[in-house]
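Content type mmCIF, C-alpha atoms, from the file target04.cif:
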```cif
data_protein
loop_
_atom_site.group_PDB
_atom_site.id
_atom_site.type_symbol
_atom_site.label_atom_id
_atom_site.label_comp_id
_atom_site.auth_asym_id
_atom_site.auth_seq_id
_atom_site.Cartn_x
_atom_site.Cartn_y
_atom_site.Cartn_z
ATOM 1 C CA MET U 1 183.102 44.941 66.074
ATOM 2 C CA SER U 2 186.841 45.563 66.130
ATOM 3 C CA GLU U 3 189.300 48.080 67.467
ATOM 4 C CA VAL U 4 191.349 50.285 65.166
ATOM 5 C CA THR U 5 194.906 51.383 65.734
ATOM 6 C CA ALA U 6 194.495 55.141 65.331
ATOM 7 C CA THR U 7 191.944 57.743 64.323
ATOM 8 C CA VAL U 8 191.097 61.400 64.758
ATOM 9 C CA ARG U 9 188.306 62.494 67.073
ATOM 10 C CA PRO U 10 185.488 64.225 65.177
ATOM 11 C CA PRO U 11 184.267 67.708 66.124
ATOM 12 C CA GLU U 12 180.970 67.789 67.990
ATOM 13 C CA PRO U 13 177.951 68.844 65.947
ATOM 14 C CA ASN U 14 175.533 71.589 66.860
ATOM 15 C CA TRP U 15 173.427 69.557 69.287
ATOM 16 C CA ALA U 16 170.460 71.894 69.034
ATOM 17 C CA ALA U 17 170.208 71.596 65.252
ATOM 18 C CA VAL U 18 171.840 68.256 64.389
ATOM 19 C CA THR U 19 170.009 66.205 61.738
ATOM 20 C CA ALA U 20 169.519 62.447 61.920
ATOM 21 C CA GLU U 21 172.128 61.950 59.192
ATOM 22 C CA GLU U 22 174.649 64.201 60.945
ATOM 23 C CA LEU U 23 174.061 62.383 64.230
ATOM 24 C CA VAL U 24 174.720 58.981 62.671
ATOM 25 C CA ALA U 25 177.879 60.236 60.958
ATOM 26 C CA TYR U 26 179.152 61.802 64.175
ATOM 27 C CA ARG U 27 178.279 58.718 66.240
ATOM 28 C CA ASP U 28 180.116 56.377 63.872
ATOM 29 C CA ALA U 29 183.223 58.573 63.806
ATOM 30 C CA GLU U 30 183.190 59.145 67.571
ATOM 31 C CA ASN U 31 182.817 55.432 68.293
ATOM 32 C CA ARG U 32 185.716 54.633 65.959
ATOM 33 C CA PHE U 33 187.771 57.056 68.028
ATOM 34 C CA ARG U 34 186.646 55.545 71.344
ATOM 35 C CA ALA U 35 187.592 52.076 70.064
ATOM 36 C CA SER U 36 191.023 53.211 68.859
ATOM 37 C CA SER U 37 194.446 52.919 70.441
ATOM 38 C CA THR U 38 194.631 56.720 70.411
ATOM 39 C CA ALA U 39 191.742 56.920 72.865
ATOM 40 C CA ARG U 40 193.559 54.756 75.418
ATOM 41 C CA ALA U 41 195.268 57.907 76.679
ATOM 42 C CA PHE U 42 191.830 58.930 77.970
ATOM 43 C CA THR U 43 189.993 55.634 78.491
ATOM 44 C CA GLY U 44 192.874 53.694 80.065
ATOM 45 C CA GLU U 45 194.599 50.420 79.320
ATOM 46 C CA PRO U 46 192.840 47.091 79.933
ATOM 47 C CA ASP U 47 193.904 44.906 82.836
ATOM 48 C CA PRO U 48 196.330 42.242 81.528
ATOM 49 C CA GLY U 49 194.641 39.714 83.811
ATOM 50 C CA ALA U 50 191.526 39.650 81.622
ATOM 51 C CA ALA U 51 190.821 38.154 78.222
ATOM 52 C CA ILE U 52 188.531 40.299 76.059
ATOM 53 C CA ARG U 53 186.524 39.287 73.013
ATOM 54 C CA TRP U 54 183.411 40.210 71.099
ATOM 55 C CA GLU U 55 180.570 37.707 71.035
ATOM 56 C CA LYS U 56 176.984 37.820 69.773
ATOM 57 C CA VAL U 57 173.754 37.132 71.594
ATOM 58 C CA ALA U 58 170.786 35.877 69.604
ATOM 59 C CA LEU U 59 167.606 37.519 70.872
ATOM 60 C CA PRO U 60 164.051 37.445 69.512
ATOM 61 C CA GLY U 61 164.091 39.405 66.263
ATOM 62 C CA ARG U 62 167.663 40.625 66.568
ATOM 63 C CA GLU U 63 171.286 39.781 67.317
ATOM 64 C CA LEU U 64 173.354 41.987 69.611
ATOM 65 C CA PRO U 65 177.125 42.235 70.005
ATOM 66 C CA VAL U 66 178.407 41.946 73.560
ATOM 67 C CA ARG U 67 181.949 42.527 74.770
ATOM 68 C CA VAL U 68 182.927 39.751 77.140
ATOM 69 C CA TYR U 69 185.688 39.933 79.758
ATOM 70 C CA ARG U 70 186.919 36.787 81.477
ATOM 71 C CA PRO U 71 189.819 36.069 83.824
ATOM 72 C CA ALA U 72 192.877 35.212 81.752
ATOM 73 C CA SER U 73 195.560 32.628 82.393
ATOM 74 C CA GLY U 74 198.676 33.645 84.283
ATOM 75 C CA PRO U 75 199.433 35.167 87.685
ATOM 76 C CA ALA U 76 196.953 38.013 87.274
ATOM 77 C CA GLY U 77 194.151 35.774 86.046
ATOM 78 C CA ASP U 78 193.517 33.214 88.753
ATOM 79 C CA GLY U 79 189.967 32.609 87.500
ATOM 80 C CA ALA U 80 191.006 31.295 84.073
ATOM 81 C CA GLY U 81 189.061 28.243 83.008
ATOM 82 C CA ARG U 82 186.688 28.410 85.969
ATOM 83 C CA THR U 83 182.958 27.979 85.682
ATOM 84 C CA GLY U 84 180.294 29.204 88.038
ATOM 85 C CA LEU U 85 181.792 32.690 88.188
ATOM 86 C CA PRO U 86 179.723 35.727 89.165
ATOM 87 C CA LEU U 87 178.105 37.666 86.329
ATOM 88 C CA VAL U 88 178.489 41.410 85.917
ATOM 89 C CA LEU U 89 176.067 42.665 83.264
ATOM 90 C CA HIS U 90 177.455 46.051 82.178
ATOM 91 C CA VAL U 91 175.916 48.809 80.061
ATOM 92 C CA HIS U 92 178.098 51.649 78.794
ATOM 93 C CA GLY U 93 177.180 55.314 78.817
ATOM 94 C CA GLY U 94 176.519 57.702 75.976
ATOM 95 C CA GLY U 95 172.894 57.238 75.023
ATOM 96 C CA PHE U 96 173.074 58.219 71.367
ATOM 97 C CA VAL U 97 176.817 57.504 71.161
ATOM 98 C CA GLY U 98 179.144 55.053 72.889
ATOM 99 C CA THR U 99 180.654 51.596 72.705
ATOM 100 C CA ALA U 100 181.562 48.913 75.221
ATOM 101 C CA VAL U 101 185.233 49.388 74.308
ATOM 102 C CA GLN U 102 185.298 52.723 76.145
ATOM 103 C CA SER U 103 184.800 50.780 79.399
ATOM 104 C CA ASP U 104 187.601 48.222 78.919
ATOM 105 C CA TRP U 105 189.631 49.731 81.768
ATOM 106 C CA VAL U 106 187.033 49.130 84.468
ATOM 107 C CA ASN U 107 185.431 45.971 83.074
ATOM 108 C CA SER U 108 188.679 44.086 82.506
ATOM 109 C CA HIS U 109 189.735 44.964 86.052
ATOM 110 C CA LEU U 110 186.523 43.581 87.523
ATOM 111 C CA ALA U 111 186.800 40.413 85.449
ATOM 112 C CA ALA U 112 190.383 39.798 86.564
ATOM 113 C CA ARG U 113 190.141 40.872 90.190
ATOM 114 C CA LEU U 114 186.769 39.585 91.376
ATOM 115 C CA PRO U 115 187.100 37.265 89.318
ATOM 116 C CA ALA U 116 183.918 37.347 87.236
ATOM 117 C CA VAL U 117 182.475 37.171 83.760
ATOM 118 C CA VAL U 118 181.634 40.689 82.621
ATOM 119 C CA VAL U 119 179.224 40.997 79.697
ATOM 120 C CA SER U 120 178.948 44.533 78.291
ATOM 121 C CA VAL U 121 175.924 45.143 76.096
ATOM 122 C CA GLU U 122 176.405 46.941 72.775
ATOM 123 C CA HIS U 123 172.796 48.079 72.871
ATOM 124 C CA ARG U 124 170.877 49.942 70.199
ATOM 125 C CA LEU U 125 171.843 53.594 70.456
ATOM 126 C CA LEU U 126 169.262 56.360 70.642
ATOM 127 C CA ALA U 127 168.157 57.663 67.268
ATOM 128 C CA PRO U 128 164.894 58.803 65.682
ATOM 129 C CA ALA U 129 164.033 55.173 64.860
ATOM 130 C CA SER U 130 165.553 53.722 68.047
ATOM 131 C CA PRO U 131 164.144 55.266 71.255
ATOM 132 C CA LEU U 132 165.186 54.537 74.814
ATOM 133 C CA ALA U 133 162.671 51.699 75.119
ATOM 134 C CA ALA U 134 164.757 49.678 72.629
ATOM 135 C CA ALA U 135 167.966 50.116 74.641
ATOM 136 C CA VAL U 136 166.143 49.225 77.867
ATOM 137 C CA ASP U 137 164.845 46.043 76.225
ATOM 138 C CA ASP U 138 168.356 45.193 75.023
ATOM 139 C CA GLY U 139 169.827 45.384 78.507
ATOM 140 C CA TRP U 140 167.029 43.349 80.067
ATOM 141 C CA ASP U 141 166.937 40.735 77.296
ATOM 142 C CA VAL U 142 170.707 40.132 77.402
ATOM 143 C CA LEU U 143 170.567 39.766 81.188
ATOM 144 C CA GLN U 144 167.792 37.190 80.926
ATOM 145 C CA HIS U 145 169.582 35.346 78.120
ATOM 146 C CA VAL U 146 172.888 35.013 79.953
ATOM 147 C CA VAL U 147 171.237 33.944 83.212
ATOM 148 C CA ARG U 148 169.044 31.460 81.348
ATOM 149 C CA HIS U 149 172.127 29.977 79.629
ATOM 150 C CA ALA U 150 174.350 30.107 82.705
ATOM 151 C CA VAL U 151 176.256 26.894 81.949
ATOM 152 C CA GLN U 152 177.097 28.056 78.431
ATOM 153 C CA TRP U 153 178.432 31.352 79.790
ATOM 154 C CA GLY U 154 180.224 29.783 82.758
ATOM 155 C CA ILE U 155 178.390 31.892 85.312
ATOM 156 C CA ASP U 156 176.538 31.301 88.558
ATOM 157 C CA PRO U 157 172.992 32.606 87.961
ATOM 158 C CA ALA U 158 172.553 33.154 91.698
ATOM 159 C CA ARG U 159 175.370 35.728 91.665
ATOM 160 C CA ALA U 160 174.418 38.298 89.043
ATOM 161 C CA VAL U 161 174.718 42.069 89.226
ATOM 162 C CA VAL U 162 173.991 44.954 86.879
ATOM 163 C CA PHE U 163 176.449 47.817 86.459
ATOM 164 C CA GLY U 164 175.803 50.837 84.277
ATOM 165 C CA GLU U 165 177.094 54.319 83.579
ATOM 166 C CA SER U 166 174.970 57.379 82.683
ATOM 167 C CA CYS U 167 172.263 56.218 80.244
ATOM 168 C CA GLY U 168 173.617 52.712 80.860
ATOM 169 C CA ALA U 169 172.852 53.210 84.554
ATOM 170 C CA LEU U 170 169.256 54.046 83.628
ATOM 171 C CA ILE U 171 169.094 50.842 81.570
ATOM 172 C CA CYS U 172 170.518 48.856 84.499
ATOM 173 C CA ALA U 173 168.157 50.488 87.002
ATOM 174 C CA MET U 174 165.262 49.479 84.755
ATOM 175 C CA ALA U 175 166.690 45.949 84.523
ATOM 176 C CA ALA U 176 166.835 45.753 88.331
ATOM 177 C CA ILE U 177 163.181 46.838 88.539
ATOM 178 C CA ARG U 178 162.136 44.308 85.890
ATOM 179 C CA ALA U 179 164.162 41.585 87.604
ATOM 180 C CA ALA U 180 162.307 42.147 90.868
ATOM 181 C CA GLU U 181 158.978 42.048 89.052
ATOM 182 C CA ALA U 182 159.934 38.843 87.205
ATOM 183 C CA GLY U 183 161.352 37.066 90.262
ATOM 184 C CA LEU U 184 164.933 37.110 88.928
ATOM 185 C CA ARG U 185 167.141 37.669 91.959
ATOM 186 C CA LEU U 186 170.032 40.071 91.472
ATOM 187 C CA THR U 187 172.853 40.309 93.996
ATOM 188 C CA ALA U 188 173.466 44.034 93.530
ATOM 189 C CA GLN U 189 173.249 47.015 91.211
ATOM 190 C CA VAL U 190 175.940 49.637 90.575
ATOM 191 C CA LEU U 191 174.760 52.934 89.078
ATOM 192 C CA VAL U 192 177.453 55.430 88.082
ATOM 193 C CA ASN U 193 176.415 59.037 87.286
ATOM 194 C CA PRO U 194 172.912 57.739 86.569
ATOM 195 C CA ALA U 195 170.435 59.688 84.458
ATOM 196 C CA VAL U 196 167.169 58.334 85.863
ATOM 197 C CA ASP U 197 164.631 61.004 84.882
ATOM 198 C CA VAL U 198 163.679 61.501 81.229
ATOM 199 C CA THR U 199 160.395 63.290 81.973
ATOM 200 C CA GLU U 200 159.738 67.004 81.594
ATOM 201 C CA THR U 201 161.457 67.465 84.990
ATOM 202 C CA MET U 202 164.790 66.077 83.732
ATOM 203 C CA LEU U 203 166.536 69.444 84.025
ATOM 204 C CA ASP U 204 164.597 70.761 87.036
ATOM 205 C CA TYR U 205 167.450 70.159 89.461
ATOM 206 C CA ALA U 206 170.043 72.438 91.024
ATOM 207 C CA SER U 207 172.881 70.345 89.577
ATOM 208 C CA ALA U 208 171.449 70.736 86.045
ATOM 209 C CA THR U 209 171.497 74.515 86.425
ATOM 210 C CA GLU U 210 174.909 74.703 88.090
ATOM 211 C CA HIS U 211 176.647 72.422 85.588
ATOM 212 C CA ALA U 212 174.648 73.187 82.439
ATOM 213 C CA SER U 213 177.864 73.899 80.521
ATOM 214 C CA SER U 214 179.872 70.911 81.729
ATOM 215 C CA PRO U 215 182.504 69.905 79.131
ATOM 216 C CA THR U 216 181.535 66.213 79.337
ATOM 217 C CA LEU U 217 177.740 66.614 79.365
ATOM 218 C CA ALA U 218 176.067 69.939 78.678
ATOM 219 C CA GLU U 219 172.408 70.978 78.531
ATOM 220 C CA PRO U 220 172.103 70.794 74.703
ATOM 221 C CA GLN U 221 173.207 67.133 74.779
ATOM 222 C CA LEU U 222 170.712 66.363 77.529
ATOM 223 C CA LEU U 223 167.896 67.983 75.569
ATOM 224 C CA LEU U 224 168.800 65.919 72.487
ATOM 225 C CA PHE U 225 169.013 62.813 74.662
ATOM 226 C CA GLN U 226 165.530 63.467 76.019
ATOM 227 C CA ARG U 227 164.081 64.151 72.570
ATOM 228 C CA LEU U 228 165.488 60.899 71.171
ATOM 229 C CA ALA U 229 164.707 58.879 74.285
ATOM 230 C CA VAL U 230 161.013 59.652 74.556
ATOM 231 C CA PRO U 231 159.380 60.482 71.213
ATOM 232 C CA THR U 232 155.962 62.085 71.198
ATOM 233 C CA GLY U 233 153.396 59.690 72.582
ATOM 234 C CA THR U 234 155.892 57.827 74.790
ATOM 235 C CA ASP U 235 155.225 57.471 78.529
ATOM 236 C CA SER U 236 158.386 59.095 79.858
ATOM 237 C CA ARG U 237 157.605 58.093 83.456
ATOM 238 C CA ALA U 238 157.648 54.419 82.462
ATOM 239 C CA LEU U 239 161.265 54.899 81.335
ATOM 240 C CA SER U 240 162.325 56.959 84.366
ATOM 241 C CA PRO U 241 163.395 54.791 87.324
ATOM 242 C CA LEU U 242 163.068 57.808 89.591
ATOM 243 C CA TYR U 243 159.294 57.665 89.091
ATOM 244 C CA ALA U 244 158.864 53.893 89.288
ATOM 245 C CA ASP U 245 155.776 52.893 91.259
ATOM 246 C CA ASN U 246 157.581 50.318 93.390
ATOM 247 C CA LEU U 247 161.267 50.300 94.345
ATOM 248 C CA ASP U 248 160.847 47.925 97.254
ATOM 249 C CA GLY U 249 162.734 44.636 97.239
ATOM 250 C CA LEU U 250 165.303 45.630 94.610
ATOM 251 C CA ALA U 251 168.915 44.511 94.695
ATOM 252 C CA PRO U 252 171.120 46.592 97.036
ATOM 253 C CA ALA U 253 172.579 49.555 95.186
ATOM 254 C CA LEU U 254 175.811 51.489 95.029
ATOM 255 C CA VAL U 255 175.108 54.914 93.512
ATOM 256 C CA VAL U 256 178.255 56.758 92.411
ATOM 257 C CA VAL U 257 177.841 60.503 91.841
ATOM 258 C CA PRO U 258 180.487 62.881 90.445
ATOM 259 C CA THR U 259 179.577 66.289 91.853
ATOM 260 C CA HIS U 260 180.401 68.405 88.755
ATOM 261 C CA ASP U 261 177.684 66.724 86.740
ATOM 262 C CA PRO U 262 174.332 68.121 85.550
ATOM 263 C CA VAL U 263 172.612 64.847 86.517
ATOM 264 C CA ALA U 264 174.267 64.589 89.941
ATOM 265 C CA ASP U 265 170.917 65.254 91.602
ATOM 266 C CA HIS U 266 169.381 62.373 89.653
ATOM 267 C CA GLY U 267 171.652 59.981 91.506
ATOM 268 C CA ARG U 268 171.105 61.667 94.852
ATOM 269 C CA ARG U 269 167.329 61.599 94.484
ATOM 270 C CA TYR U 270 167.310 57.996 93.303
ATOM 271 C CA ALA U 271 169.364 56.839 96.278
ATOM 272 C CA GLU U 272 166.860 58.620 98.548
ATOM 273 C CA ARG U 273 163.930 56.933 96.816
ATOM 274 C CA LEU U 274 165.538 53.498 97.071
ATOM 275 C CA ARG U 275 166.157 53.935 100.780
ATOM 276 C CA ALA U 276 162.632 55.223 101.375
ATOM 277 C CA ALA U 277 161.308 52.094 99.657
ATOM 278 C CA GLY U 278 163.405 49.834 101.875
ATOM 279 C CA THR U 279 166.053 48.964 99.293
ATOM 280 C CA PRO U 280 169.603 49.317 100.677
ATOM 281 C CA ALA U 281 171.457 52.065 98.817
ATOM 282 C CA ARG U 282 174.926 53.487 99.358
ATOM 283 C CA LEU U 283 175.519 56.922 97.857
ATOM 284 C CA THR U 284 179.120 57.978 97.279
ATOM 285 C CA GLU U 285 180.015 61.398 95.913
ATOM 286 C CA TYR U 286 183.295 62.255 94.196
ATOM 287 C CA PRO U 287 183.917 65.998 94.655
ATOM 288 C CA GLY U 288 185.035 67.783 91.502
ATOM 289 C CA ALA U 289 184.643 64.761 89.240
ATOM 290 C CA ARG U 290 182.730 65.228 85.995
ATOM 291 C CA HIS U 291 180.101 63.176 84.216
ATOM 292 C CA ALA U 292 181.515 59.991 82.639
ATOM 293 C CA PHE U 293 184.625 60.219 84.841
ATOM 294 C CA LEU U 294 184.842 56.438 85.273
ATOM 295 C CA SER U 295 185.403 56.025 81.527
ATOM 296 C CA MET U 296 188.174 58.659 81.472
ATOM 297 C CA PRO U 297 190.831 57.472 83.948
ATOM 298 C CA GLY U 298 193.551 59.105 81.856
ATOM 299 C CA VAL U 299 192.217 62.576 82.689
ATOM 300 C CA GLU U 300 190.009 62.000 85.749
ATOM 301 C CA PRO U 301 192.167 61.031 88.758
ATOM 302 C CA GLN U 302 189.199 59.972 90.902
ATOM 303 C CA ALA U 303 188.291 57.195 88.461
ATOM 304 C CA GLY U 304 190.770 54.911 90.231
ATOM 305 C CA ALA U 305 189.143 55.410 93.614
ATOM 306 C CA ALA U 306 185.677 54.804 92.141
ATOM 307 C CA ARG U 307 186.840 51.604 90.448
ATOM 308 C CA ALA U 308 188.311 50.379 93.738
ATOM 309 C CA GLU U 309 185.051 51.146 95.552
ATOM 310 C CA ILE U 310 183.008 49.266 92.947
ATOM 311 C CA LEU U 311 185.339 46.269 93.183
ATOM 312 C CA GLU U 312 185.070 46.088 96.973
ATOM 313 C CA PHE U 313 181.292 46.633 96.912
ATOM 314 C CA LEU U 314 180.868 43.732 94.506
ATOM 315 C CA ARG U 315 183.259 41.483 96.433
ATOM 316 C CA PHE U 316 181.229 42.083 99.575
ATOM 317 C CA SER U 317 177.953 41.576 97.716
ATOM 318 C CA PHE U 318 179.048 38.250 96.224
ATOM 319 C CA ALA U 319 180.351 37.046 99.592
ATOM 320 C CA THR U 320 177.111 37.665 101.503
#
```
Let me see the file written as structure tokens.
Amino acid sequence: MSEVTATVRPPEPNWAAVTAEELVAYRDAENRFRASSTARAFTGEPDPGAAIRWEKVALPGRELPVRVYRPASGPAGDGAGRTGLPLVLHVHGGGFVGTAVQSDWVNSHLAARLPAVVVSVEHRLLAPASPLAAAVDDGWDVLQHVVRHAVQWGIDPARAVVFGESCGALICAMAAIRAAEAGLRLTAQVLVNPAVDVTETMLDYASATEHASSPTLAEPQLLLFQRLAVPTGTDSRALSPLYADNLDGLAPALVVVPTHDPVADHGRRYAERLRAAGTPARLTEYPGARHAFLSMPGVEPQAGAARAEILEFLRFSFAT
């Protein structure tokens, strides 16, 4: 994986009629744009206190790229060269499109300011041959790998959190559930504009009706997401954290909800379910913010406040 200096953003396809070939072509072009210097006007500049590089993680049957952020040397990077740093396992948003590069602004800041090692998973994107179950496995398998090889990664396995956005928040919520089941202790989970219901009720919420034509996530995209995520014969409830059988004993959660978002009620409902199960959950709403706002600090002014809240939440979580 590499960044490019400039590119032109492709036009969106007809989401209701897009073919598999058209989706792949659009995804590749869109991700080139998101990884370009041109996109920095929207996605923000990385924190100079972090060093960023691509690495690869060898997993059973596959190898995944991960984008790794570490404290850099110099005044802004006081964690340079340290071992035993906290781990932030990050998963970007997008579902059938997206790249870790689009989250450089927030991830580099966390790496430099906590300080921590941030590992962002370049998971398999949704496609006809790559359903949501594959992306969920990618997030969970990378988390296990990094924790298992803590010395190699320079992290403290007792201080690990998951942090995801949109579909990435679903993947991280599933990782938190699997961690509890497997006895892997997580310090916290941060879920930003989470989509946590891929069942037939995915759009049966007031927020989905009110913001069905949102410019950053509209109903046709959600319907395509659902179709790719849960092919015929898939148990959609098993991939929907909102319907998990047991949410007790999970890592404390920060749920960040932009209010002008069709899946805003997903986050609200999930925070309620976590609390009802006895899992501490803080719900913070950002009035007027749109879906994916944290990855668009150049055009979404509340992204800065959300990033600051996430930083302080994680500092507190690692200190307790």
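Residues within 9 Å of Ala206 in chain U, counting only C-alpha atoms and excluding same-chain residues fewer than 6 positions away, are U:Pro262, U:Ala264, U:Asp265.
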For this session: Enumerate, as a ChimeraX atom specification, the protein, DNA and RNA residues whose atoms approach (181.9, 63.7, 88.7) to within 10 Å, taking into account only C-alpha atoms and the coordinate frame of the file.
Result: /U:192-193,216,256-264,285-294,300,302-303
For this session: Compare U:Ala100, U:Val91, U:Leu85, U:Ala134 by their minimum atom-to-atom distance to Pro157 in chain U, counting all atoms listed in the file, and give me the closest one.
Result: U:Leu85
Give me, as a compact mmCIF listing (two decimals) with C-alpha atoms, in the frame of the given file, all polymer residues having an atom no more than 10 Å from Ala281 in chain U, counting only C-alpha atoms and skipping those fewer than 4 positions away in the same chain.
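The resulting file, selection33.txt, is shown below:
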```txt
# COMPACT_ATOMS: atom_id res chain seq x y z
CA ALA U 188 173.47 44.03 93.53
CA GLN U 189 173.25 47.02 91.21
CA VAL U 190 175.94 49.64 90.58
CA LEU U 250 165.30 45.63 94.61
CA ALA U 251 168.92 44.51 94.70
CA PRO U 252 171.12 46.59 97.04
CA ALA U 253 172.58 49.56 95.19
CA LEU U 254 175.81 51.49 95.03
CA VAL U 255 175.11 54.91 93.51
CA TYR U 270 167.31 58.00 93.30
CA ALA U 271 169.36 56.84 96.28
CA GLU U 272 166.86 58.62 98.55
CA ARG U 273 163.93 56.93 96.82
CA LEU U 274 165.54 53.50 97.07
CA ARG U 275 166.16 53.94 100.78
CA ALA U 276 162.63 55.22 101.38
```
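Across the chains present, the PyMOL selection byres ((chain U and resi 25-33) around 9) applied to this file returns Glu3, Val4, Ala6, Thr7, Val8, Arg9, Pro10, Pro11, Glu12, Pro13, Ala20, Glu21, Glu22, Leu23, Val24, Arg34, Ala35, Ser36, Ser37, Thr38, Ala39, Phe96, Val97, Gly98, Thr99, Val101 and Gln102 of chain U.
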Problem set entry | Selection dump of the PyMOL selection byres ((chain U and resi 208) around 12), as number ranges by chain | U: 195, 197, 201-207, 209-214, 217-223, 259-266, 291
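Across the model, the gap from CA of Val198 in chain U to CA of Ser240 in chain U is 5.7 Å.
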Exercise. Counting only C-alpha atoms, which of U:Leu125, U:Val57, U:Ile155, U:Leu242 gets nearest to Arg268 in chain U?
Worked result: U:Leu242
